[in-house]
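One structure is given below, encoded as structure tokens.
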Amino acid sequence: DTAVSQTPKYLVTQMGNDKSIKCEQNLGHDTMYWYKQDSKKFLKIMFSYNNKELIINETVPNRFSPKSPDKAHLNLHINSLELGDSAVYFCASSPDTGGTEAFFGQGTRLTVV
Amino acid sequence: QKEVEQDPGPLSVPEGAIVSLNCTYSNSAFQYFMWYRQYSRKGPELLMYTYSSGNKEDGRFTAQVDKSSKYISLFIRDSQPSDSATYLCAIGDTGFQKLVFGTGTRLLVSP
């Protein structure tokens, strides 16, 4: 029974397209995140949501728009994709207000061509 | 100065060796300390979770936190080829509502 699941696992798309990544957690956690992992394996936070409310927006271009329809779901929509957006995007969740142990999904490998 | 510093490696050891992985951090407000293991093309997997200073042991793994030095360590005893992965340290606090990660250390354990 997958705790944090995200779809799709792989995404190959052309520059300028719009794409979405979906995430769901069944851990009952209140906080969900999007992290971006670059080619050097560095994990950097993009957004943090607590109970559907945006808590952290870490200077991410406004082409990236997260949406949390309920506390178990956090989706990421990306407009006008650029080559530099190619990376692995991870969804994660933490209990309570976050900042404690986080559980990650398997990642979405986005390639922009 | 980065919030969390971690040697990227790679660190190559023979099977059975004791491995020591380390991170330093700059903000003394952080209270939660974690180690994640990430296999190639997989998501980070929570390995060890510690609150405040002290040691925590789980099987072959021991996590140490020294808040006075802002230094955290992960020790792996009797290392196995299956331990070959990237190990990421992470620090957090409920006040910050996020985790900050080190760059990860790639570990290679040869049979």
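By convention here, the chains of the structure tokens are called A, B, ... in the order presented, each chain's residues are numbered starting at 1, and ligands are numbered starting at 1 in the order presented.
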
What are the residues of chain B that have an atom within 8 Å of an atom of chain A, counting only C-alpha atoms, as number ranges by chain?
B: 32, 34, 42-46, 49, 91-104

With a distance cut-off of 8 Å and only C-alpha atoms, select the neighbouring residues of Ser79 in chain B, excluding the residue or stretch itself and same-chain residues fewer than 6 positions from it, and output the selection as a list in words.
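So, after excluding close chain neighbours, the residues are Pro14, Glu15, Gly16, Ala17, Ile18, Val19 and Val109 of chain B.
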
I need the residues of range 31-88 of chain B that end up classed as strand (DSSP E) by DSSP on the backbone, written out as JSON, numbers by chain.
{"B": [32, 33, 34, 35, 36, 37, 38, 45, 46, 47, 48, 49, 50, 51, 54, 55, 56, 57, 58, 61, 62, 63, 64, 65, 66, 71, 72, 73, 74, 75, 76, 85, 86, 87, 88]}

Got a sec: who's within 7 Å of Glu24 in chain A, counting only C-alpha atoms, leaving out chain neighbours fewer than 5 positions off, as JSON, numbers by chain?
{"A": [4, 5, 6, 72, 73, 74]}

Dump as a PDB file, in the first residue's frame, selection limited to N, CA and C atoms:
```
ATOM      1  N   VAL A   4       2.986   7.520  -0.310  1.00  0.00           N
ATOM      2  CA  VAL A   4       2.971   8.744  -1.109  1.00  0.00           C
ATOM      3  C   VAL A   4       3.136   8.317  -2.562  1.00  0.00           C
ATOM      4  N   SER A   5       2.147   8.593  -3.357  1.00  0.00           N
ATOM      5  CA  SER A   5       2.219   8.175  -4.759  1.00  0.00           C
ATOM      6  C   SER A   5       2.059   9.384  -5.665  1.00  0.00           C
ATOM      7  N   GLN A   6       2.854   9.405  -6.705  1.00  0.00           N
ATOM      8  CA  GLN A   6       2.792  10.516  -7.645  1.00  0.00           C
ATOM      9  C   GLN A   6       2.771   9.969  -9.067  1.00  0.00           C
ATOM     10  N   ALA A  72      -4.886  15.539   1.472  1.00  0.00           N
ATOM     11  CA  ALA A  72      -4.243  14.309   0.997  1.00  0.00           C
ATOM     12  C   ALA A  72      -3.687  14.441  -0.416  1.00  0.00           C
ATOM     13  N   HIS A  73      -3.960  15.539  -1.069  1.00  0.00           N
ATOM     14  CA  HIS A  73      -3.533  15.716  -2.460  1.00  0.00           C
ATOM     15  C   HIS A  73      -2.813  17.044  -2.662  1.00  0.00           C
ATOM     16  N   LEU A  74      -1.744  16.977  -3.435  1.00  0.00           N
ATOM     17  CA  LEU A  74      -1.026  18.195  -3.815  1.00  0.00           C
ATOM     18  C   LEU A  74      -0.523  18.002  -5.236  1.00  0.00           C
TER      19      LEU A  74
END
```

Record the distance separating CA of Ala3 in chain A and CA of Cys23 in chain A, expressed in Å with one decimal.
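These two atoms are separated by 10.5 Å.
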
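Between CA of Ala63 in chain B and CA of Ser20 in chain B there is a distance of 9.9 Å.
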
Quick one: of B:Tyr51, B:Tyr71, B:Tyr39, B:Phe61, who's nearest to Thr24 in chain B, counting only C-alpha atoms?
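Between B:Tyr51, B:Tyr71, B:Tyr39, B:Phe61, the residue approaching Thr24 in chain B most closely is B:Tyr71.
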
Among listed residues B:Val65, B:Leu107, B:Leu11, B:Val4, nearest Asp83 in chain B (using only C-alpha atoms):
B:Leu107

Which one of B:Val13, B:Ala90, B:Leu47, B:Ala29 sits closest to Asp78 in chain B if you count only C-alpha atoms?
B:Val13

Could you check how far CA of Val113 in chain A sits from CA of Ser65 in chain A, in Å to one decimal?
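Spanning CA of Val113 in chain A to CA of Ser65 in chain A is a straight-line distance of 20.9 Å.
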
Find the residue from B:Ile72, B:Cys23, B:Cys89, B:Leu108 that sits nearest to Arg37 in chain B; use only C-alpha atoms when measuring.
B:Cys89

Which residue gives the smallest distance to Ser80 in chain A among A:Asn57, A:Asn62, A:Gln25, A:Thr7, with only C-alpha atoms counted?
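With only C-alpha atoms as the atom set, the closest residue is A:Asn62.
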
Test item: residues at most 10 Å from Met15 in chain A, only C-alpha atoms, excluding those fewer than 5 positions along its chain, as a tab-separated table (two decimals) with N, CA and C atoms, in the first residue's frame:
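Output file part04.tsv is given in full below:
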```tsv
chain	number	residue	atom	x	y	z
A	79	ASN	N	3.46	25.68	-16.38
A	79	ASN	CA	3.15	26.32	-17.67
A	79	ASN	C	4.43	26.63	-18.43
A	80	SER	N	4.29	26.68	-19.75
A	80	SER	CA	5.38	27.14	-20.63
A	80	SER	C	6.72	26.52	-20.24
A	81	LEU	N	6.77	25.22	-20.31
A	81	LEU	CA	7.96	24.49	-19.86
A	81	LEU	C	9.22	24.94	-20.58
A	82	GLU	N	10.30	25.01	-19.81
A	82	GLU	CA	11.61	25.40	-20.34
A	82	GLU	C	12.59	24.26	-20.15
A	83	LEU	N	13.69	24.31	-20.92
A	83	LEU	CA	14.70	23.24	-20.83
A	83	LEU	C	15.22	23.09	-19.40
A	84	GLY	N	15.37	24.21	-18.71
A	84	GLY	CA	15.90	24.19	-17.34
A	84	GLY	C	14.97	23.58	-16.32
A	85	ASP	N	13.75	23.29	-16.72
A	85	ASP	CA	12.81	22.65	-15.80
A	85	ASP	C	13.05	21.14	-15.71
A	111	THR	N	11.54	15.54	-18.45
A	111	THR	CA	12.52	15.90	-19.46
A	111	THR	C	11.86	16.83	-20.46
A	112	VAL	N	12.42	18.01	-20.61
A	112	VAL	CA	11.90	18.99	-21.56
A	112	VAL	C	12.85	19.04	-22.75
A	113	VAL	N	12.29	18.83	-23.94
A	113	VAL	CA	13.14	18.76	-25.15
A	113	VAL	C	12.80	19.90	-26.11
```
